[in-house]
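Dumped input-v4.cif below, it's mmCIF, C-alpha atoms:
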```
data_my_file
#
loop_
_atom_site.label_atom_id
_atom_site.label_comp_id
_atom_site.auth_asym_id
_atom_site.auth_seq_id
_atom_site.Cartn_x
_atom_site.Cartn_y
_atom_site.Cartn_z
CA MET A 1 -10.32 -23.02 -10.27
CA THR A 2 -9.03 -19.51 -9.88
CA GLU A 3 -10.60 -16.68 -7.95
CA PRO A 4 -11.90 -13.66 -9.91
CA VAL A 5 -9.60 -10.68 -9.96
CA SER A 6 -11.03 -7.37 -8.83
CA PRO A 7 -11.04 -4.76 -11.64
CA PHE A 8 -9.75 -2.26 -9.09
CA ALA A 9 -6.77 -4.39 -8.06
CA SER A 10 -3.39 -2.81 -8.73
CA ASN A 11 0.04 -4.35 -8.34
CA ARG A 12 2.16 -1.71 -6.65
CA ASP A 13 5.18 -2.08 -4.43
CA GLY A 14 4.81 1.45 -3.09
CA THR A 15 8.51 2.29 -3.30
CA SER A 16 9.48 2.54 -6.99
CA GLN A 17 9.90 6.03 -8.41
CA ILE A 18 8.81 4.74 -11.82
CA GLN A 19 5.32 4.06 -10.45
CA ARG A 20 4.92 7.75 -9.70
CA LEU A 21 5.36 8.72 -13.35
CA LEU A 22 1.80 8.02 -14.41
CA PRO A 23 1.00 9.04 -18.02
CA ALA A 24 -2.06 11.00 -16.89
CA LEU A 25 0.20 13.25 -14.78
CA GLN A 26 2.39 14.25 -17.71
CA ALA A 27 1.96 17.80 -19.04
CA ASP A 28 1.36 16.61 -22.61
CA PHE A 29 -1.16 13.88 -21.73
CA VAL A 30 -4.05 16.15 -22.80
CA GLY A 31 -3.51 19.07 -25.18
CA ILE A 32 -5.43 22.31 -25.01
CA ASP A 33 -5.84 22.21 -28.79
CA GLU A 34 -5.62 18.67 -30.19
CA ARG A 35 -7.17 19.35 -33.60
CA SER A 36 -5.36 17.66 -36.48
CA LEU A 37 -5.13 18.79 -40.12
CA ARG A 38 -8.12 16.60 -40.96
CA ASP A 39 -10.11 18.17 -38.10
CA GLN A 40 -9.33 21.65 -39.43
CA LEU A 41 -10.37 20.69 -42.97
CA MET A 42 -13.64 19.12 -41.81
CA LEU A 43 -14.38 22.22 -39.74
CA ALA A 44 -13.74 24.47 -42.77
CA HIS A 45 -15.89 22.22 -44.97
CA GLU A 46 -18.85 22.34 -42.56
CA PHE A 47 -18.45 26.06 -41.97
CA ALA A 48 -18.30 26.73 -45.73
CA LYS A 49 -21.70 25.07 -46.07
CA GLU A 50 -23.19 27.96 -44.07
CA LEU A 51 -21.57 30.67 -46.22
CA ARG A 52 -23.47 31.77 -49.36
CA TYR A 53 -21.41 32.27 -52.51
CA PHE A 54 -22.16 35.26 -54.77
CA ASN A 55 -20.95 35.21 -58.41
CA ASP A 56 -19.68 38.09 -60.52
CA GLU A 57 -23.24 39.32 -60.98
CA ASN A 58 -23.79 39.33 -57.20
CA ILE A 59 -26.22 36.42 -57.38
CA ALA A 60 -26.18 33.68 -54.70
CA THR A 61 -25.19 30.42 -56.37
CA GLY A 62 -24.62 27.89 -53.58
CA SER A 63 -22.05 27.75 -50.76
CA TRP A 64 -18.25 27.96 -50.32
CA GLN A 65 -17.75 24.19 -50.00
CA ALA A 66 -16.14 24.10 -53.41
CA LEU A 67 -13.15 25.86 -51.83
CA LEU A 68 -11.76 22.52 -50.65
CA ASN A 69 -12.95 20.21 -53.42
CA PRO A 70 -14.94 21.63 -56.29
CA GLU A 71 -15.46 18.12 -57.72
CA ALA A 72 -16.87 16.41 -54.58
CA LYS A 73 -20.45 15.27 -55.07
CA ASP A 74 -21.14 13.20 -51.92
CA GLY A 75 -19.70 12.34 -48.50
CA SER A 76 -17.58 9.42 -49.74
CA ASP A 77 -15.87 11.65 -52.30
CA PHE A 78 -15.04 14.17 -49.58
CA ALA A 79 -13.53 11.48 -47.27
CA ALA A 80 -11.22 10.36 -50.09
CA TRP A 81 -10.41 13.99 -50.82
CA LEU A 82 -9.38 14.57 -47.18
CA GLU A 83 -6.98 11.62 -47.33
CA GLN A 84 -5.51 12.97 -50.57
CA ILE A 85 -4.99 16.42 -48.99
CA GLU A 86 -3.14 14.89 -46.00
CA ASN A 87 -0.83 12.93 -48.30
CA PHE A 88 -0.27 16.05 -50.43
CA VAL A 89 0.84 18.04 -47.37
CA LYS A 90 3.26 15.25 -46.33
CA GLN A 91 4.74 14.55 -49.80
CA PRO A 92 3.79 17.30 -52.29
CA GLU A 93 6.31 15.98 -54.84
CA ASN A 94 4.08 12.95 -55.42
CA TYR A 95 1.27 15.23 -56.70
CA ALA A 96 3.08 17.31 -59.30
CA ASP A 97 1.01 15.86 -62.15
CA GLU A 98 -1.61 18.06 -63.84
CA ARG A 99 -4.27 15.57 -62.76
CA PHE A 100 -4.00 17.06 -59.28
CA TYR A 101 -4.76 20.59 -60.40
CA ASN A 102 -7.25 21.12 -57.58
CA LEU A 103 -4.50 20.61 -55.02
CA HIS A 104 -2.35 23.34 -56.58
CA ARG A 105 -4.95 26.08 -56.70
CA PRO A 106 -3.25 29.24 -55.29
CA HIS A 107 -5.97 30.10 -52.77
CA PHE A 108 -6.18 26.47 -51.63
CA VAL A 109 -2.39 26.14 -51.20
CA LEU A 110 -2.43 29.46 -49.28
CA TYR A 111 -5.07 28.01 -46.94
CA LEU A 112 -3.03 24.83 -46.38
CA THR A 113 0.02 26.97 -45.64
CA PHE A 114 -1.98 28.85 -43.04
CA LEU A 115 -3.00 25.58 -41.38
CA GLN A 116 0.63 24.42 -41.27
CA LEU A 117 1.75 27.71 -39.71
CA LEU A 118 -1.11 27.41 -37.23
CA LYS A 119 0.59 24.30 -35.85
CA ASN A 120 3.33 26.52 -34.37
CA THR A 121 0.79 28.47 -32.36
CA GLN A 122 -1.03 25.26 -31.52
CA GLY A 123 2.21 23.74 -30.19
CA GLN A 124 2.93 26.77 -28.01
CA LEU A 125 -0.61 26.67 -26.65
CA ASN A 126 -0.27 22.99 -25.75
CA GLN A 127 2.90 23.79 -23.77
CA LEU A 128 0.94 25.98 -21.38
CA THR A 129 0.39 23.25 -18.76
CA ALA A 130 4.07 22.24 -18.80
CA ARG A 131 5.17 25.87 -18.51
CA HIS A 132 2.72 26.44 -15.69
CA LEU A 133 4.06 23.38 -13.85
CA ASP A 134 7.64 24.53 -14.42
CA PHE A 135 6.74 27.98 -13.07
CA TYR A 136 5.20 26.38 -9.98
CA TYR A 137 8.28 24.26 -9.26
CA ARG A 138 10.90 26.90 -10.03
CA THR A 139 9.27 30.14 -8.86
CA VAL A 140 6.62 29.24 -6.29
CA LEU A 141 8.37 26.29 -4.62
CA SER A 142 11.91 27.53 -5.49
CA PHE A 143 13.08 24.07 -6.55
CA LYS A 144 16.57 23.87 -7.99
CA LYS A 145 17.79 21.32 -10.50
CA LYS A 146 20.49 18.99 -9.32
CA PRO A 147 23.92 19.50 -10.89
CA PRO A 148 24.89 17.06 -13.65
CA GLN A 149 26.57 13.85 -12.62
CA ALA A 150 29.20 12.09 -14.64
CA ASP A 151 28.50 8.58 -15.90
CA ARG A 152 30.14 5.74 -14.04
CA VAL A 153 31.03 2.42 -15.63
CA ASN A 154 32.81 -0.75 -14.60
CA VAL A 155 35.85 -1.56 -16.72
CA LEU A 156 37.53 -4.94 -17.16
CA ILE A 157 41.28 -4.48 -17.78
CA GLU A 158 43.64 -7.26 -18.75
CA PRO A 159 47.44 -6.68 -18.89
CA SER A 160 49.67 -7.73 -21.76
CA SER A 161 51.15 -11.22 -21.63
CA GLN A 162 54.60 -9.62 -21.68
CA VAL A 163 54.24 -8.11 -18.19
CA SER A 164 53.23 -9.66 -14.86
CA LYS A 165 51.58 -6.51 -13.56
CA VAL A 166 51.23 -2.85 -14.40
CA LEU A 167 50.10 0.26 -12.51
CA LEU A 168 47.14 2.16 -13.96
CA PRO A 169 47.35 5.58 -12.25
CA MET A 170 44.38 7.59 -11.07
CA GLY A 171 43.04 9.90 -13.77
CA ALA A 172 44.05 7.69 -16.68
CA LEU A 173 41.85 8.34 -19.74
CA LEU A 174 39.95 5.43 -21.28
CA ALA A 175 38.42 5.78 -24.76
CA ALA A 176 34.84 4.45 -25.00
CA GLY A 177 33.92 5.15 -28.63
CA LYS A 178 31.30 7.74 -29.61
CA ASP A 179 27.90 8.65 -28.23
CA SER A 180 24.61 8.93 -30.13
CA GLN A 181 25.61 12.42 -31.37
CA GLY A 182 28.98 11.29 -32.66
CA LYS A 183 31.05 12.82 -29.85
CA GLU A 184 34.01 10.98 -28.37
CA LEU A 185 33.35 9.30 -25.02
CA VAL A 186 36.25 9.35 -22.56
CA TYR A 187 36.23 7.97 -18.99
CA ARG A 188 38.72 8.74 -16.24
CA THR A 189 39.88 6.26 -13.57
CA GLU A 190 39.04 7.25 -10.00
CA SER A 191 42.01 5.66 -8.18
CA ASP A 192 45.30 3.87 -8.72
CA LEU A 193 44.89 0.29 -9.90
CA VAL A 194 47.46 -2.47 -10.10
CA VAL A 195 46.49 -4.74 -13.00
CA ASN A 196 47.77 -8.32 -12.94
CA HIS A 197 46.87 -11.74 -14.31
CA ALA A 198 44.77 -12.84 -11.34
CA LYS A 199 41.41 -14.26 -12.38
CA ILE A 200 38.26 -15.40 -10.61
CA ALA A 201 38.29 -19.17 -10.58
CA ARG A 202 34.77 -19.70 -9.29
CA LEU A 203 31.74 -17.74 -8.17
CA SER A 204 29.80 -19.13 -5.22
CA SER A 205 26.79 -17.96 -3.32
CA VAL A 206 25.26 -18.81 0.02
CA TYR A 207 21.54 -19.52 0.18
CA VAL A 208 19.80 -19.04 3.49
CA ASN A 209 16.26 -20.34 3.82
CA LYS A 210 15.10 -17.91 6.46
CA GLN A 211 11.54 -18.03 7.72
CA ILE A 212 10.27 -15.61 10.33
CA ILE A 213 7.27 -16.78 12.31
CA GLY A 214 5.51 -14.21 14.46
CA ILE A 215 2.49 -14.42 16.72
CA ARG A 216 0.10 -13.69 13.86
CA GLU A 217 1.74 -16.23 11.52
CA ALA A 218 1.68 -18.88 14.22
CA ARG A 219 -2.08 -18.50 14.45
CA GLU A 220 -2.86 -18.18 10.73
CA GLN A 221 -0.63 -21.05 9.57
CA TYR A 222 -1.77 -23.53 12.21
CA SER A 223 -4.29 -26.05 10.84
CA GLY A 224 -5.64 -27.32 14.16
CA THR A 225 -8.39 -26.00 16.39
CA LYS A 226 -8.67 -22.38 17.50
CA ASN A 227 -7.69 -23.31 21.04
CA ASP A 228 -4.54 -25.04 19.80
CA ALA A 229 -3.75 -22.02 17.62
CA VAL A 230 -3.82 -19.82 20.73
CA MET A 231 -1.33 -22.15 22.40
CA GLU A 232 0.92 -21.93 19.34
CA MET A 233 0.87 -18.13 19.64
CA LEU A 234 1.84 -18.35 23.31
CA LYS A 235 4.74 -20.66 22.45
CA VAL A 236 6.25 -17.90 20.30
CA VAL A 237 6.22 -15.55 23.29
CA LEU A 238 6.71 -17.86 26.27
CA GLY A 239 8.32 -20.96 24.76
CA ASP A 240 11.15 -22.38 26.88
CA PRO A 241 14.05 -22.27 26.30
CA LEU A 242 13.52 -20.66 22.87
CA PRO A 243 10.53 -19.00 21.16
CA GLY A 244 8.38 -21.70 19.58
CA ASP A 245 9.33 -24.37 22.13
CA ALA A 246 6.81 -25.91 24.53
CA LEU A 247 5.40 -23.79 27.34
CA PRO A 248 7.07 -24.23 30.74
CA ILE A 249 5.49 -26.59 33.29
CA TYR A 250 2.96 -24.87 35.53
CA PRO A 251 4.10 -25.18 39.16
CA PRO A 252 4.61 -27.68 40.42
CA LYS A 253 3.94 -30.42 37.81
CA VAL A 254 1.03 -29.34 35.64
CA VAL A 255 1.34 -29.16 31.83
CA ALA A 256 0.03 -25.85 30.47
CA THR A 257 -3.07 -26.40 28.32
CA PHE A 258 -5.83 -24.17 27.02
CA ASP A 259 -8.24 -25.55 29.63
CA LEU A 260 -5.75 -24.76 32.39
CA LEU A 261 -5.36 -21.19 31.14
CA THR A 262 -9.15 -20.84 30.99
CA GLN A 263 -9.42 -21.94 34.63
CA LEU A 264 -6.67 -19.52 35.64
CA TYR A 265 -8.47 -16.73 33.84
CA THR A 266 -11.72 -17.57 35.65
CA LEU A 267 -9.89 -17.50 38.99
CA VAL A 268 -8.21 -14.17 38.29
CA LYS A 269 -11.51 -12.71 37.10
CA PHE A 270 -13.26 -13.96 40.23
CA ILE A 271 -10.92 -12.31 42.73
CA GLY A 272 -10.67 -9.09 40.74
CA ILE A 273 -13.04 -6.27 40.06
CA ASP A 274 -15.95 -8.47 38.92
CA SER A 275 -16.61 -9.80 42.43
CA GLY A 276 -15.49 -6.71 44.30
CA LEU A 277 -12.83 -8.61 46.25
CA PHE A 278 -9.85 -6.80 44.65
CA MET A 279 -7.53 -9.55 45.90
CA GLU A 280 -4.17 -10.73 44.67
CA ILE A 281 -3.78 -14.39 43.71
CA GLY A 282 -1.47 -15.02 46.63
CA GLU A 283 -4.02 -13.58 49.01
CA LEU A 284 -6.77 -15.81 47.66
CA ARG A 285 -4.51 -18.90 47.88
CA SER A 286 -3.69 -18.11 51.50
CA LEU A 287 -7.36 -17.56 52.27
CA ILE A 288 -8.41 -20.89 50.77
CA GLN A 289 -5.61 -22.71 52.60
CA ARG A 290 -6.83 -21.27 55.85
CA LYS A 291 -10.46 -22.10 55.06
CA TYR A 292 -9.84 -25.79 54.45
CA SER A 293 -7.34 -26.20 57.26
CA ARG A 294 -9.87 -25.19 59.96
CA GLY A 295 -10.60 -28.04 62.31
CA PRO A 296 -13.34 -28.58 64.98
CA ALA A 297 -11.37 -26.48 67.47
CA ALA A 298 -11.61 -23.40 65.20
CA ASP A 299 -15.15 -22.39 66.09
CA GLY A 300 -13.90 -19.20 67.71
CA ASP A 301 -12.08 -18.26 64.51
CA TRP A 302 -15.20 -18.91 62.44
CA GLN A 303 -17.22 -16.70 64.73
CA ALA A 304 -14.63 -13.94 64.27
CA ILE A 305 -14.82 -14.40 60.49
CA ASN A 306 -18.60 -14.17 60.55
CA ARG A 307 -18.41 -10.98 62.61
CA LEU A 308 -16.24 -9.50 59.86
CA LEU A 309 -18.69 -10.70 57.22
CA THR A 310 -21.52 -9.10 59.19
CA GLU A 311 -19.66 -5.78 59.22
CA MET A 312 -19.12 -6.11 55.46
CA GLY A 313 -22.88 -6.63 55.02
CA LYS A 314 -23.69 -3.54 57.11
CA ILE A 315 -21.31 -1.39 55.06
CA ARG A 316 -22.61 -2.75 51.76
CA SER A 317 -26.32 -2.44 52.60
CA GLY A 318 -26.14 0.65 54.78
CA ASP A 319 -28.29 -1.24 57.34
CA SER A 320 -26.78 -1.15 60.84
CA SER A 321 -29.04 -4.04 61.85
CA PHE A 322 -27.79 -6.40 59.11
CA THR A 323 -27.11 -9.97 60.24
CA LEU A 324 -26.21 -13.16 58.49
CA PRO A 325 -29.13 -15.54 57.85
CA ALA A 326 -29.76 -17.72 60.89
CA LYS A 327 -30.27 -20.78 58.70
CA ASN A 328 -26.68 -20.63 57.53
CA ASP A 329 -24.14 -22.79 59.29
CA PHE A 330 -21.53 -20.56 60.90
CA ARG A 331 -18.92 -22.68 59.08
CA ASP A 332 -20.70 -22.27 55.70
CA PHE A 333 -18.36 -19.61 54.45
CA ASP A 334 -19.70 -19.71 50.86
CA SER A 335 -23.29 -18.91 51.90
CA ASN A 336 -22.25 -16.33 54.49
CA ILE A 337 -19.99 -14.33 52.20
CA LYS A 338 -22.69 -14.40 49.49
CA ALA A 339 -25.11 -12.90 51.98
CA ALA A 340 -22.56 -10.29 53.10
CA LEU A 341 -21.83 -9.22 49.50
CA GLY A 342 -25.47 -9.36 48.41
CA PHE A 343 -25.23 -12.24 45.93
CA SER A 344 -28.23 -14.46 45.32
CA SER A 345 -28.07 -18.19 45.85
CA THR A 346 -28.05 -18.77 42.09
CA THR A 347 -24.93 -16.68 41.57
CA ASP A 348 -22.08 -18.89 40.44
CA TYR A 349 -19.24 -16.54 41.21
CA PHE A 350 -18.28 -18.40 44.35
CA SER A 351 -18.22 -21.77 42.68
CA THR A 352 -14.72 -20.62 41.75
CA LEU A 353 -13.70 -21.14 45.38
CA THR A 354 -13.66 -24.87 44.70
CA LEU A 355 -11.41 -24.17 41.73
CA ALA A 356 -9.16 -22.09 43.96
CA LYS A 357 -8.98 -25.02 46.37
CA ASN A 358 -7.84 -27.27 43.53
CA PHE A 359 -5.00 -24.91 42.65
CA THR A 360 -4.09 -24.69 46.32
CA GLN A 361 -3.79 -28.47 46.38
CA LEU A 362 -1.51 -28.30 43.34
CA TYR A 363 0.92 -26.17 45.30
CA GLU A 364 0.67 -28.48 48.31
CA GLN A 365 1.79 -31.48 46.22
#
```

Here is the file; what I need is its structure written in the form of C-alpha cells.
Amino acid sequence: MTEPVSPFASNRDGTSQIQRLLPALQADFVGIDERSLRDQLMLAHEFAKELRYFNDENIATGSWQALLNPEAKDGSDFAAWLEQIENFVKQPENYADERFYNLHRPHFVLYLTFLQLLKNTQGQLNQLTARHLDFYYRTVLSFKKKPPQADRVNVLIEPSSQVSKVLLPMGALLAAGKDSQGKELVYRTESDLVVNHAKIARLSSVYVNKQIIGIREAREQYSGTKNDAVMEMLKVVLGDPLPGDALPIYPPKVVATFDLLTQLYTLVKFIGIDSGLFMEIGELRSLIQRKYSRGPAADGDWQAINRLLTEMGKIRSGDSSFTLPAKNDFRDFDSNIKAALGFSSTTDYFSTLTLAKNFTQLYEQ
C-alpha cells in the first residue's frame, strides 16, 4: 500500500540551473497577439454579419458575409470552408483548378495577403516582452554577455605500428569533419603529447560504504524505547573511546543508565535555582557527608547549624523574632531547613537529600 502523493509535491534538488528555466518564465510563453489565421477569418466573418450590403441600386440586400464564402449556407459549410482557406494559404498550387474559383477572387486574395503581411507586425508585437527583458538586463542592470568559449573535446590518438612513439606538438590541428552548417571543424592541441602504444589493461574502482550517524539519526533510527534512544544519542557525543561506544562508567563503579541520569538531574535541579540554595555539586556532597558523619558528641555543632538556620529564617521572613519550631529535634536538619526556607511539610524538594546521601555513599565505596 502506497501513501498518496501531494499534488503540490515537487522534486527539486535546488542546485540545477536547468530547473530555473521554467517555461512560464520564457518571453514567448504568452504572446501579446496570439490570433491565428483561422481566428482572423472567424472574426471577419462575424464582423461582416453586422455590416449591411447595398447593391448597385443602393438597396440593402443582406450582409458582407459572402466576402469569405458566397456559397456557405450553414455553420458546417463555413467550418469546412475555413479549413480549405488554411490549406490554400499553405499550398496554393493544389487549388489551381477552376473548381476553386472562390479562393481566387481578387478581393479575397488581397484580403488573405493582408492577413499574411499582418503576421510580420504580429511577430514584432509578440517580441515586446523579450525586448523589454533584454533592455532591463543590458541597460538597467548593465549586464554584459560572456565572451565566446571554444569547444573542448577529448581525443584518442593511436600511433602507427611502424613507430614506437611520436611527439604531437602543442597547437597541432586536428580535423573533425563539418558542423551542422557545413563548415569545417578544426581542433587545436593544448600541450605537447607523446603518443605511444601503452594501453589501459583494466579499469578498477573502489567502493566505500560510508554511513554517517549523527545525534538526530541515532534517535530516529533506534527502534527501542524513547529512554534508550536518548542514551543512543549520548553515546554519539560521549561514547568512550569512540563516538557510538558505550558511555564511560560513572565514578566509581556505576553504569550510566537513563534512570541514573534522571536522578542526577533531580539532584542538580534541587541544589540550583529551584530551591534557592545556589550550591555546587561538590558543596552539596560535602554538606551531606558532614551531616551523616555527626555523632552524639556533635551537639554543639548542631546548635551552631540551627543558629545559622534561624538567621536564614529571619532574613527570609523579615521577622527578627523568627525561631525554629520547638517541636523539631535540633538534629532534624530536614525539618529545620524547611522551616528556615519557608517550605511546607508536604514539599518534596528535600527528599532529594536522601538521594544526595546515596551518591555520597557511591563516592565512599

Stretch 109-123 of chain A surroundings by all atoms listed in the file, 12 Å radius, close-in-sequence under 3 positions cut, as a ChimeraX atom specification: /A:28,31-41,43-44,67-68,85-86,88-90,92,101-106,126-130

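In this structure, atom CA of A:Pro248 sits 22.4 Å away from atom CA of A:Ile212.
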
Would you give me, as a Markdown table, each residue of stretch 160-225 of chain A having an atom within 12 Å of an atom of stretch 146-156 of chain A, along with its shortest atom pair and that distance in Å to one decimal, using only C-alpha atoms and sorting by chain and residue number?
```
| residue | atom | partner | partner_atom | distance |
| --- | --- | --- | --- | --- |
| A:Leu173 | CA | A:Val155 | CA | 12.0 |
| A:Leu174 | CA | A:Val155 | CA | 9.3 |
| A:Ala175 | CA | A:Val155 | CA | 11.2 |
| A:Ala176 | CA | A:Val155 | CA | 10.3 |
| A:Leu185 | CA | A:Asp151 | CA | 10.4 |
| A:Val186 | CA | A:Asp151 | CA | 10.2 |
| A:Tyr187 | CA | A:Arg152 | CA | 8.2 |
| A:Arg188 | CA | A:Arg152 | CA | 9.4 |
| A:Thr189 | CA | A:Val155 | CA | 9.3 |
| A:Glu190 | CA | A:Arg152 | CA | 9.9 |
| A:Leu193 | CA | A:Val155 | CA | 11.5 |
| A:Val195 | CA | A:Leu156 | CA | 9.9 |
| A:Asn196 | CA | A:Leu156 | CA | 11.6 |
| A:His197 | CA | A:Leu156 | CA | 11.9 |
| A:Lys199 | CA | A:Leu156 | CA | 11.2 |
```

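Between atom CA of A:Lys314 and atom CA of A:Leu277 the separation is 16.2 Å.
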
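When atom CA of A:Met42 is paired with atom CA of A:Glu98, their separation reads 25.1 Å.
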
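All residues of protein, DNA or RNA that reach within 12 Å of A:Ala326, judged by only C-alpha atoms and not counting those fewer than 3 positions away in the chain, are Asn306, Phe322, Thr323, Asp329, Phe330, Asp332, Ser335, Asn336 and Ala339 of chain A.
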
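Closest approach to A:Ala79 among A:Leu247, A:Lys145, A:Glu283, A:His45: A:His45, based on all atoms listed in the file.
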
Padding of 6 Å on every side, edges along x, y and z, all listed atoms of stretch 37-45 of chain A included: what centre and edge lengths in Å, to one decimal, does that box have, as AutoDock Vina command-line options?
```
--center_x -10.5 --center_y 20.5 --center_z -41.5 --size_x 22.8 --size_y 19.9 --size_z 18.9
```

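Excluding A:Lys49 and any residue on its chain fewer than 6 positions from it, the residues at most 7 Å away by only C-alpha atoms are Ser63, Trp64 and Gln65 of chain A.
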
Selected residue, from A:His132, A:Arg307, A:Arg216, A:Arg99, that lies nearest to A:Ala340 when counting only C-alpha atoms: A:Arg307

The PyMOL selection byres ((chain A and resi 227-238) around 8) resolved against shown file, as a PyMOL selection string: chain A and resi 214-216+218-220+222-226+239-240+243-248+257-258

Residue among A:Arg138, A:Arg316, A:Arg131, A:Lys269 lying closest to A:Leu341, counting only C-alpha atoms: A:Arg316
